[in-house]
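Structure file start.cif (mmCIF, C-alpha atoms and all ligand atoms) is printed below.
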```
data_my_file
#
loop_
_atom_site.label_atom_id
_atom_site.label_comp_id
_atom_site.auth_asym_id
_atom_site.auth_seq_id
_atom_site.Cartn_x
_atom_site.Cartn_y
_atom_site.Cartn_z
CA MET A 1297 114.29 -2.82 150.76
CA SER A 1298 114.20 -6.04 148.79
CA GLU A 1299 117.31 -7.12 146.96
CA VAL A 1300 117.74 -6.38 143.28
CA TYR A 1301 119.84 -8.86 141.35
CA ILE A 1302 121.90 -7.55 138.45
CA ILE A 1303 122.55 -10.51 136.21
CA GLY A 1304 123.93 -11.41 132.78
CA HIS A 1305 123.03 -14.22 130.40
CA LYS A 1306 123.26 -17.99 130.87
CA SER A 1307 126.70 -19.48 130.05
CA PRO A 1308 128.10 -16.16 131.23
CA ASP A 1309 131.11 -14.59 129.57
CA THR A 1310 133.43 -11.99 131.06
CA ASP A 1311 131.19 -9.08 129.99
CA SER A 1312 128.09 -10.62 131.60
CA ILE A 1313 129.87 -11.14 134.91
CA CYS A 1314 131.95 -7.95 135.06
CA ALA A 1315 129.20 -5.61 133.82
CA ALA A 1316 126.91 -7.03 136.52
CA ILE A 1317 129.50 -6.48 139.28
CA ALA A 1318 130.43 -2.98 138.12
CA TYR A 1319 126.83 -1.90 137.56
CA ALA A 1320 125.74 -3.17 140.98
CA ASN A 1321 128.61 -1.21 142.52
CA TYR A 1322 127.50 1.90 140.59
CA LYS A 1323 123.90 1.53 141.74
CA ARG A 1324 124.98 1.24 145.37
CA ILE A 1325 127.48 4.12 145.30
CA THR A 1326 125.11 6.53 143.56
CA GLY A 1327 122.23 5.48 145.79
CA GLU A 1328 120.15 4.70 142.69
CA ASN A 1329 119.64 1.30 144.19
CA PRO A 1330 121.34 0.59 147.53
CA ALA A 1331 120.06 -3.01 147.43
CA ALA A 1332 121.67 -3.86 144.08
CA LYS A 1333 123.61 -7.10 144.09
CA ALA A 1334 125.54 -8.80 141.27
CA ALA A 1335 124.59 -12.38 140.41
CA ARG A 1336 125.37 -14.92 137.69
CA ALA A 1337 123.24 -17.33 135.69
CA GLY A 1338 125.85 -20.09 135.36
CA GLU A 1339 129.44 -21.21 135.85
CA ILE A 1340 132.18 -18.72 134.99
CA ASN A 1341 134.73 -19.53 132.28
CA PRO A 1342 138.53 -19.63 132.79
CA GLU A 1343 138.97 -16.16 131.30
CA THR A 1344 136.53 -14.60 133.78
CA GLU A 1345 138.09 -16.54 136.63
CA TYR A 1346 141.48 -15.09 135.69
CA VAL A 1347 140.06 -11.55 135.55
CA LEU A 1348 138.31 -11.72 138.93
CA LYS A 1349 141.33 -13.28 140.62
CA ASN A 1350 143.64 -10.72 139.07
CA PHE A 1351 141.65 -7.87 140.62
CA GLY A 1352 140.79 -9.66 143.86
CA ILE A 1353 137.04 -9.71 143.29
CA ASP A 1354 134.73 -12.46 144.51
CA VAL A 1355 132.72 -14.55 142.05
CA PRO A 1356 129.11 -13.28 142.21
CA GLU A 1357 126.37 -15.39 143.74
CA LEU A 1358 124.87 -18.08 141.48
CA LEU A 1359 121.15 -17.49 140.95
CA LYS A 1360 119.69 -20.84 139.91
CA ASN A 1361 116.12 -19.64 139.83
CA ALA A 1362 114.94 -16.05 139.75
CA GLU A 1363 111.32 -16.70 140.68
CA GLY A 1364 109.92 -13.87 142.81
CA LYS A 1365 113.13 -11.83 142.53
CA LYS A 1366 113.70 -8.31 141.21
CA LEU A 1367 116.10 -8.35 138.25
CA ILE A 1368 118.19 -5.95 136.24
CA LEU A 1369 119.43 -7.67 133.10
CA VAL A 1370 122.82 -6.82 131.65
CA ASP A 1371 124.42 -8.08 128.41
CA HIS A 1372 121.25 -9.80 127.10
CA ASN A 1373 117.55 -9.33 126.60
CA GLU A 1374 116.35 -12.46 124.77
CA PHE A 1375 114.18 -14.66 126.92
CA GLN A 1376 115.99 -17.95 126.11
CA GLN A 1377 119.16 -16.45 127.55
CA ILE A 1378 117.66 -15.16 130.79
CA VAL A 1379 118.14 -17.02 134.07
CA ASP A 1380 115.54 -19.71 134.83
CA GLY A 1381 112.42 -18.53 136.60
CA ALA A 1382 112.57 -15.09 134.97
CA GLU A 1383 108.96 -15.36 133.76
CA LYS A 1384 107.98 -15.23 137.44
CA ALA A 1385 110.49 -12.53 138.33
CA GLU A 1386 110.12 -8.77 138.13
CA ILE A 1387 112.44 -7.33 135.49
CA ILE A 1388 112.91 -3.65 136.26
CA GLU A 1389 115.68 -2.66 133.87
CA VAL A 1390 117.81 -3.83 130.93
CA LEU A 1391 121.27 -2.58 129.98
CA ASP A 1392 122.60 -4.25 126.85
CA HIS A 1393 124.34 -4.12 123.47
CA HIS A 1394 122.55 -6.89 121.54
CA ARG A 1395 119.66 -6.95 119.11
CA ILE A 1396 116.33 -6.34 120.81
CA GLU A 1397 114.12 -9.39 121.30
CA PHE A 1398 112.19 -8.23 124.32
CA LYS A 1399 108.61 -7.65 125.28
CA LEU A 1400 107.05 -6.90 128.63
CA ALA A 1401 103.63 -5.69 129.71
CA ASN A 1402 105.01 -2.98 132.02
CA PRO A 1403 107.15 0.01 131.13
CA ILE A 1404 110.75 -0.41 132.31
CA PHE A 1405 114.16 1.23 131.90
CA PHE A 1406 115.55 -0.24 128.69
CA HIS A 1407 118.94 0.91 127.48
CA THR A 1408 120.74 -0.69 124.54
CA GLU A 1409 123.36 0.77 122.26
CA PRO A 1410 125.36 -0.77 119.42
CA VAL A 1411 128.77 -0.79 121.14
CA GLY A 1412 131.25 -3.61 121.64
CA SER A 1413 130.42 -4.48 125.23
CA THR A 1414 127.94 -3.79 128.01
CA SER A 1415 130.85 -2.76 130.20
CA THR A 1416 131.48 0.18 127.87
CA LEU A 1417 128.01 1.47 128.74
CA VAL A 1418 128.52 0.87 132.47
CA ALA A 1419 131.87 2.68 132.46
CA GLU A 1420 130.33 5.61 130.59
CA LYS A 1421 127.77 5.91 133.38
CA TYR A 1422 130.57 6.23 135.94
CA PHE A 1423 132.34 8.86 133.82
CA ASP A 1424 129.16 10.81 133.04
CA LYS A 1425 128.21 11.07 136.71
CA GLY A 1426 131.76 11.57 137.90
CA VAL A 1427 131.53 8.51 140.14
CA LYS A 1428 134.92 7.51 141.49
CA LEU A 1429 136.37 4.40 139.87
CA ASP A 1430 138.93 2.33 141.72
CA LYS A 1431 141.46 0.05 140.05
CA LYS A 1432 139.36 -3.05 140.68
CA MET A 1433 136.18 -1.80 139.05
CA ALA A 1434 138.08 -0.13 136.21
CA GLY A 1435 140.09 -3.32 135.72
CA ILE A 1436 137.18 -5.72 135.38
CA MET A 1437 135.35 -3.41 132.99
CA LEU A 1438 138.49 -2.99 130.91
CA ALA A 1439 138.91 -6.77 130.78
CA ALA A 1440 135.29 -7.21 129.70
CA ILE A 1441 135.64 -4.67 126.89
CA LEU A 1442 138.86 -6.32 125.68
CA SER A 1443 137.21 -9.73 125.86
CA ASP A 1444 134.02 -8.82 123.98
CA THR A 1445 135.84 -6.84 121.29
CA VAL A 1446 138.65 -9.44 120.98
CA VAL A 1447 141.11 -6.64 121.79
CA PHE A 1448 139.30 -4.27 119.37
CA LYS A 1449 139.59 -6.73 116.45
CA SER A 1450 135.96 -7.79 116.35
CA PRO A 1451 133.78 -6.08 113.73
CA THR A 1452 131.47 -5.15 116.67
CA SER A 1453 134.15 -2.94 118.25
CA THR A 1454 133.54 0.84 118.09
CA ASN A 1455 135.52 4.01 118.79
CA ARG A 1456 133.59 4.43 122.01
CA ASP A 1457 134.87 1.06 123.29
CA LYS A 1458 138.41 2.11 122.46
CA LYS A 1459 138.02 5.51 124.13
CA VAL A 1460 136.47 4.07 127.30
CA ALA A 1461 139.10 1.30 127.43
CA ASP A 1462 141.90 3.86 127.18
CA LYS A 1463 140.46 5.83 130.10
CA LEU A 1464 140.03 2.67 132.20
CA ALA A 1465 143.54 1.47 131.31
CA LYS A 1466 144.96 4.75 132.66
CA ILE A 1467 143.22 4.15 135.99
CA VAL A 1468 144.49 0.58 136.16
CA GLY A 1469 147.94 1.51 134.90
CA VAL A 1470 148.16 -1.04 132.10
CA ASP A 1471 148.59 -0.99 128.35
CA PRO A 1472 145.22 -2.08 126.88
CA GLN A 1473 146.76 -4.14 124.06
CA LYS A 1474 149.14 -6.01 126.36
CA PHE A 1475 146.51 -6.51 129.03
CA GLY A 1476 144.09 -7.73 126.34
CA VAL A 1477 146.53 -10.42 125.33
CA GLU A 1478 146.86 -11.49 128.98
CA VAL A 1479 143.08 -11.76 129.32
CA LYS A 1480 142.70 -13.71 126.09
CA LYS A 1481 145.60 -15.96 127.07
CA ALA A 1482 143.71 -17.11 130.14
CA LYS A 1483 141.06 -18.64 127.91
CA ALA A 1484 143.33 -19.59 125.06
CA SER A 1485 146.12 -21.26 127.00
CA LEU A 1486 146.60 -24.91 126.12
CA GLU A 1487 148.33 -25.51 129.44
CA GLY A 1488 146.90 -28.38 131.43
CA LYS A 1489 144.78 -29.58 128.50
CA SER A 1490 145.37 -32.95 126.86
CA ALA A 1491 145.53 -33.26 123.07
CA LYS A 1492 142.05 -34.75 123.23
CA ASP A 1493 140.72 -31.78 125.27
CA ILE A 1494 142.25 -29.36 122.79
CA ILE A 1495 140.69 -31.11 119.78
CA HIS A 1496 137.29 -31.43 121.41
CA SER A 1497 137.04 -27.97 122.92
CA ASP A 1498 135.13 -26.98 119.77
CA PHE A 1499 134.82 -29.85 117.31
CA LYS A 1500 132.20 -30.39 114.61
CA ASP A 1501 131.37 -33.34 112.37
CA TYR A 1502 130.48 -33.01 108.70
CA THR A 1503 129.70 -35.35 105.83
CA PHE A 1504 131.10 -34.21 102.48
CA GLY A 1505 130.58 -36.47 99.45
CA GLY A 1506 130.03 -39.47 101.73
CA LYS A 1507 133.23 -38.78 103.66
CA LYS A 1508 133.24 -38.29 107.42
CA VAL A 1509 135.14 -35.08 108.11
CA GLY A 1510 135.87 -33.50 111.48
CA VAL A 1511 136.89 -29.87 111.89
CA GLY A 1512 138.05 -28.57 115.25
CA GLN A 1513 139.11 -25.09 116.27
CA VAL A 1514 140.87 -23.67 119.28
CA GLU A 1515 141.78 -20.03 119.96
CA ILE A 1516 145.41 -19.49 120.84
CA VAL A 1517 147.54 -16.46 121.66
CA ASP A 1518 150.91 -18.17 121.65
CA ILE A 1519 151.78 -19.88 118.39
CA ASN A 1520 154.96 -21.38 119.84
CA GLU A 1521 153.08 -23.05 122.65
CA ALA A 1522 150.67 -24.46 120.07
CA ILE A 1523 153.42 -25.69 117.77
CA SER A 1524 155.17 -27.39 120.68
CA ARG A 1525 151.98 -29.48 121.11
CA LYS A 1526 151.62 -30.26 117.38
CA ARG A 1527 153.03 -33.82 117.42
CA GLU A 1528 150.74 -34.85 120.25
CA ILE A 1529 147.63 -33.34 118.65
CA LEU A 1530 148.40 -34.97 115.29
CA LYS A 1531 148.84 -38.32 117.02
CA GLU A 1532 145.38 -38.05 118.55
CA MET A 1533 143.93 -36.98 115.20
CA GLU A 1534 145.51 -40.04 113.57
CA ARG A 1535 144.04 -42.25 116.27
CA MET A 1536 140.61 -40.78 115.54
CA THR A 1537 140.92 -41.57 111.83
CA THR A 1538 141.83 -45.20 112.47
CA GLN A 1539 139.53 -45.86 115.44
CA GLU A 1540 136.60 -43.47 115.04
CA GLY A 1541 136.00 -43.72 111.33
CA TYR A 1542 137.01 -40.23 110.23
CA ASP A 1543 138.19 -39.95 106.63
CA MET A 1544 139.79 -36.60 107.31
CA ILE A 1545 140.35 -34.36 110.31
CA PHE A 1546 141.24 -30.67 110.23
CA MET A 1547 142.32 -28.88 113.37
CA MET A 1548 142.50 -25.09 113.37
CA LEU A 1549 144.90 -23.55 115.90
CA THR A 1550 143.75 -19.98 115.44
CA ASP A 1551 146.04 -17.22 116.64
CA ILE A 1552 143.63 -14.43 117.57
CA ILE A 1553 146.42 -11.92 118.05
CA GLU A 1554 148.30 -12.47 114.78
CA GLU A 1555 145.05 -13.34 112.98
CA GLY A 1556 145.99 -16.57 111.28
CA THR A 1557 145.60 -20.32 111.66
CA GLU A 1558 148.03 -23.17 111.98
CA LEU A 1559 146.02 -25.84 110.19
CA LEU A 1560 146.68 -29.47 111.12
CA VAL A 1561 145.42 -32.10 108.69
CA VAL A 1562 145.32 -35.90 108.70
CA GLY A 1563 143.50 -38.49 106.61
CA ASP A 1564 142.76 -39.41 103.00
CA MET A 1565 144.31 -37.20 100.38
CA ASP A 1566 145.23 -34.68 103.05
CA SER A 1567 147.78 -32.82 100.89
CA SER A 1568 145.75 -32.67 97.73
CA VAL A 1569 142.57 -31.53 99.50
CA THR A 1570 144.42 -28.83 101.45
CA LYS A 1571 146.14 -27.65 98.28
CA LYS A 1572 142.89 -27.43 96.37
CA ALA A 1573 140.70 -26.01 99.14
CA PHE A 1574 143.11 -23.49 100.67
CA ASN A 1575 145.84 -23.17 98.06
CA ALA A 1576 148.29 -24.19 100.76
CA GLU A 1577 151.12 -26.71 100.88
CA LEU A 1578 151.16 -29.10 103.84
CA LYS A 1579 154.50 -29.80 105.46
CA ASP A 1580 154.56 -32.40 108.23
CA ASN A 1581 150.75 -32.42 108.20
CA SER A 1582 150.42 -28.71 108.87
CA VAL A 1583 150.49 -25.27 107.31
CA TYR A 1584 150.08 -21.69 108.59
CA ILE A 1585 147.39 -19.75 106.75
CA LYS A 1586 147.43 -16.00 107.32
CA GLY A 1587 144.03 -14.37 107.75
CA MET A 1588 142.20 -17.64 108.40
CA MET A 1589 139.98 -17.01 111.45
CA SER A 1590 136.54 -18.45 110.76
CA ARG A 1591 135.65 -22.11 110.37
CA LYS A 1592 132.15 -21.23 109.22
CA LYS A 1593 133.19 -18.70 106.60
CA GLN A 1594 136.69 -19.69 105.51
CA VAL A 1595 137.06 -23.42 106.05
CA ILE A 1596 133.80 -25.28 105.62
CA PRO A 1597 132.71 -23.84 102.23
CA PRO A 1598 135.98 -24.59 100.38
CA LEU A 1599 136.28 -28.01 102.06
CA GLU A 1600 132.77 -28.98 101.11
CA LYS A 1601 133.37 -27.86 97.53
CA THR A 1602 136.64 -29.77 97.29
CA ILE A 1603 135.68 -33.05 98.97
CA SER A 1604 132.13 -33.42 97.64
MN MN B 1701 127.90 -11.75 126.57
MN MN B 1702 128.65 -8.40 125.88
#
```

Taking this structure as input, can you express it in the form of structure tokens?
Ligand code: MN
Ligand code: MN
Amino acid sequence: MSEVYIIGHKSPDTDSICAAIAYANYKRITGENPAAKAARAGEINPETEYVLKNFGIDVPELLKNAEGKKLILVDHNEFQQIVDGAEKAEIIEVLDHHRIEFKLANPIFFHTEPVGSTSTLVAEKYFDKGVKLDKKMAGIMLAAILSDTVVFKSPTSTNRDKKVADKLAKIVGVDPQKFGVEVKKAKASLEGKSAKDIIHSDFKDYTFGGKKVGVGQVEIVDINEAISRKREILKEMERMTTQEGYDMIFMMLTDIIEEGTELLVVGDMDSSVTKKAFNAELKDNSVYIKGMMSRKKQVIPPLEKTIS
């Protein structure tokens, strides 16, 4: 029997990797597809690396080109996101939780539902069929659900995700909230990153009223760790204003657990702009703003209005 690769999207996240591993395991155990094999369409991120290591599971094989292969897609269905060579592969099934942007000449198994993660759907298959789940498989699916739903805080999270996660957490023997923080920490830790790395992990340039403005954001789970790095980050931001021509730089240290942002600001009129845009008082070039999570929705519009 020829191999069937179960694979998630390019730039894989924890759900894409863990759903592929757990679904391949399910296919083999149930005999639905004894030749099922998990694969990945790119490098894994630090969060996924932490999860796999934690449960002693090998990183799936990297599939650089899927030409001539049989594929089951998990966690995606849009063609731009599918592994290279997919147009010359045979897609036999899709299991996903995203909007549908898919078309194929042949009939295939196509299963999508509006839940918070693909791993929720995979776990439900195990439960529905009464397939035995060990700690490893339960653990990686739990981690994927917690990752995709941002520990149930994302608007995409549903009751089904919560219910499935609770069942998986019992098998693993962890508290889902606490374990969720551990998983998120792996990605959000500032450890080993320079101030420059932190600023540039997600940094965007804007021009407002002829001013060059930079706004960076980093997800954190430990506000104290972030605050202990504040001096260093501000120093690098100041260097960027003098040497790289920025008029103002805003750096969002966003605490995804407490749901708020420590906002660091340097540059022209930093205090007056921050006061006007966010109704917040800077102290030592920073201020904590409760509820601030989104650069796109909560930071850019008021900044543009104030600076322009
Ligand atoms: Mn994904
Ligand atoms: Mn997903």

Of the residues A:Met1565, A:Ala1318, A:Met1536, A:Ile1523, which is the one nearest to A:Tyr1422, using only C-alpha atoms?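 Of all the options, A:Ala1318 lies closest to A:Tyr1422.
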
Selection: 12 Å around A:Ala1439, all atoms listed in the file, excl. self and same-chain fewer than 5 positions, as a PyMOL selection string: chain A and resi 1309-1315+1318+1343-1348+1350-1351+1413-1416+1419+1431-1434+1444-1448+1457+1460-1462+1464-1465+1468+1470-1482

Restricting it to C-alpha atoms, dump the selection as a compact mmCIF listing (two decimals), in the coordinates of the input.
```
# COMPACT_ATOMS: atom_id res chain seq x y z
CA ASP A 1309 131.11 -14.59 129.57
CA THR A 1310 133.43 -11.99 131.06
CA ASP A 1311 131.19 -9.08 129.99
CA SER A 1312 128.09 -10.62 131.60
CA ILE A 1313 129.87 -11.14 134.91
CA CYS A 1314 131.95 -7.95 135.06
CA ALA A 1315 129.20 -5.61 133.82
CA ALA A 1318 130.43 -2.98 138.12
CA GLU A 1343 138.97 -16.16 131.30
CA THR A 1344 136.53 -14.60 133.78
CA GLU A 1345 138.09 -16.54 136.63
CA TYR A 1346 141.48 -15.09 135.69
CA VAL A 1347 140.06 -11.55 135.55
CA LEU A 1348 138.31 -11.72 138.93
CA ASN A 1350 143.64 -10.72 139.07
CA PHE A 1351 141.65 -7.87 140.62
CA SER A 1413 130.42 -4.48 125.23
CA THR A 1414 127.94 -3.79 128.01
CA SER A 1415 130.85 -2.76 130.20
CA THR A 1416 131.48 0.18 127.87
CA ALA A 1419 131.87 2.68 132.46
CA LYS A 1431 141.46 0.05 140.05
CA LYS A 1432 139.36 -3.05 140.68
CA MET A 1433 136.18 -1.80 139.05
CA ALA A 1434 138.08 -0.13 136.21
CA ASP A 1444 134.02 -8.82 123.98
CA THR A 1445 135.84 -6.84 121.29
CA VAL A 1446 138.65 -9.44 120.98
CA VAL A 1447 141.11 -6.64 121.79
CA PHE A 1448 139.30 -4.27 119.37
CA ASP A 1457 134.87 1.06 123.29
CA VAL A 1460 136.47 4.07 127.30
CA ALA A 1461 139.10 1.30 127.43
CA ASP A 1462 141.90 3.86 127.18
CA LEU A 1464 140.03 2.67 132.20
CA ALA A 1465 143.54 1.47 131.31
CA VAL A 1468 144.49 0.58 136.16
CA VAL A 1470 148.16 -1.04 132.10
CA ASP A 1471 148.59 -0.99 128.35
CA PRO A 1472 145.22 -2.08 126.88
CA GLN A 1473 146.76 -4.14 124.06
CA LYS A 1474 149.14 -6.01 126.36
CA PHE A 1475 146.51 -6.51 129.03
CA GLY A 1476 144.09 -7.73 126.34
CA VAL A 1477 146.53 -10.42 125.33
CA GLU A 1478 146.86 -11.49 128.98
CA VAL A 1479 143.08 -11.76 129.32
CA LYS A 1480 142.70 -13.71 126.09
CA LYS A 1481 145.60 -15.96 127.07
CA ALA A 1482 143.71 -17.11 130.14
```

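Shortest separation to ligand MN 1701 (chain B) among A:His1393, A:Asp1564, A:Gly1587, A:Leu1438 occurs at residue A:His1393, atoms counted being all atoms listed in the file.
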
Length of the atom CA of A:Glu1374 to atom CA of A:Glu1397 vector [Å]: 5.1 Å

For a test of reading the model, state the distance in Å between atom CA of A:Ile1378 and atom CA of A:Gly1364, rounded to one decimal. 14.4 Å

Report the distance between atom CA of A:Ile1516 and atom CA of A:Ser1497 in Å, rounded to one decimal place.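 We find that atom CA of A:Ile1516 and atom CA of A:Ser1497 lie 12.1 Å from each other.
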
Which residues come within 8 Å of A:Met1548, counting all atoms listed in the file, excluding same-chain residues fewer than 3 positions away, as an NGL selection string? :A and (1511-1514 or 1557-1560)

Please provide the set of residues having any atom within 8 Å of stretch 1325-1332 of chain A, restricted to all atoms listed in the file, with same-chain residues fewer than 4 positions apart removed, written as a PDB file with C-alpha atoms, in the coordinates of the input.
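File selection_36.pdb, as written:
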```pdb
ATOM      1  CA  MET A1297     114.290  -2.820 150.760  1.00  0.00           C
ATOM      2  CA  SER A1298     114.200  -6.040 148.790  1.00  0.00           C
ATOM      3  CA  GLU A1299     117.310  -7.120 146.960  1.00  0.00           C
ATOM      4  CA  VAL A1300     117.740  -6.380 143.280  1.00  0.00           C
ATOM      5  CA  TYR A1301     119.840  -8.860 141.350  1.00  0.00           C
ATOM      6  CA  ILE A1302     121.900  -7.550 138.450  1.00  0.00           C
ATOM      7  CA  ALA A1320     125.740  -3.170 140.980  1.00  0.00           C
ATOM      8  CA  ASN A1321     128.610  -1.210 142.520  1.00  0.00           C
ATOM      9  CA  VAL A1427     131.530   8.510 140.140  1.00  0.00           C
TER      10      VAL A1427
END
```

Of the residues A:Asp1501, A:Ile1340, A:Val1561, A:Leu1578, which is the one nearest to A:Glu1540, using only C-alpha atoms?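 Comparing A:Asp1501, A:Ile1340, A:Val1561, A:Leu1578 against A:Glu1540, the winner is A:Asp1501.
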
Nearest to A:Ile1303: which of A:Ile1368, A:Ile1404, A:Ala1362, A:Val1355 is it, counting all atoms listed in the file?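 Of all the options, A:Ile1368 lies closest to A:Ile1303.
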
Could you work out an axis-aligned box for stretch 1417-1425 of chain A, taking every atom the file lists and adding 5 Å on each side, and report centre and edge lengths in Å to one decimal, as lines of an AutoDock Vina configuration file?
```
center_x = 130.1
center_y = 6.0
center_z = 132.7
size_x = 14.6
size_y = 20.2
size_z = 18.0
```

Near A:Ala1491, within 7 Å and counting all atoms listed in the file, which residues show up once chain neighbours fewer than 4 positions away are dropped, as number ranges by chain? A: 1495, 1528-1529, 1532

Those residues you just picked out, can you put them in a file as a compact mmCIF listing (two decimals), in the coordinates of the input with C-alpha atoms?
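Writing the result to selection28.txt gives the following:
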```
# COMPACT_ATOMS: atom_id res chain seq x y z
CA ILE A 1495 140.69 -31.11 119.78
CA GLU A 1528 150.74 -34.85 120.25
CA ILE A 1529 147.63 -33.34 118.65
CA GLU A 1532 145.38 -38.05 118.55
```

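Near stretch 1505-1510 of chain A, within 8 Å and counting all atoms listed in the file, sit Phe1499, Lys1500, Gly1541, Tyr1542, Asp1543, Met1544, Ile1545, Phe1546, Glu1600, Ile1603 and Ser1604 of chain A, not including residues fewer than 5 positions from it in the same chain.
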
Write the selection just made, keeping C-alpha atoms, as a PDB file, in the coordinates of the input?
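So the final result, stored in part-v4.pdb, reads:
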```pdb
ATOM      1  CA  PHE A1499     134.820 -29.850 117.310  1.00  0.00           C
ATOM      2  CA  LYS A1500     132.200 -30.390 114.610  1.00  0.00           C
ATOM      3  CA  GLY A1541     136.000 -43.720 111.330  1.00  0.00           C
ATOM      4  CA  TYR A1542     137.010 -40.230 110.230  1.00  0.00           C
ATOM      5  CA  ASP A1543     138.190 -39.950 106.630  1.00  0.00           C
ATOM      6  CA  MET A1544     139.790 -36.600 107.310  1.00  0.00           C
ATOM      7  CA  ILE A1545     140.350 -34.360 110.310  1.00  0.00           C
ATOM      8  CA  PHE A1546     141.240 -30.670 110.230  1.00  0.00           C
ATOM      9  CA  GLU A1600     132.770 -28.980 101.110  1.00  0.00           C
ATOM     10  CA  ILE A1603     135.680 -33.050  98.970  1.00  0.00           C
ATOM     11  CA  SER A1604     132.130 -33.420  97.640  1.00  0.00           C
TER      12      SER A1604
END
```

Have a look at A:Leu1400, A:Leu1549, A:Val1379, A:Leu1442 and name the one nearest to ligand MN 1702 (chain B); count only C-alpha atoms and all ligand atoms. A:Leu1442

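Counting all atoms listed in the file and comparing A:Ser1443, A:Thr1454, A:Thr1550, A:Ser1490, the residue that lies closest to ligand MN 1701 (chain B) is A:Ser1443.
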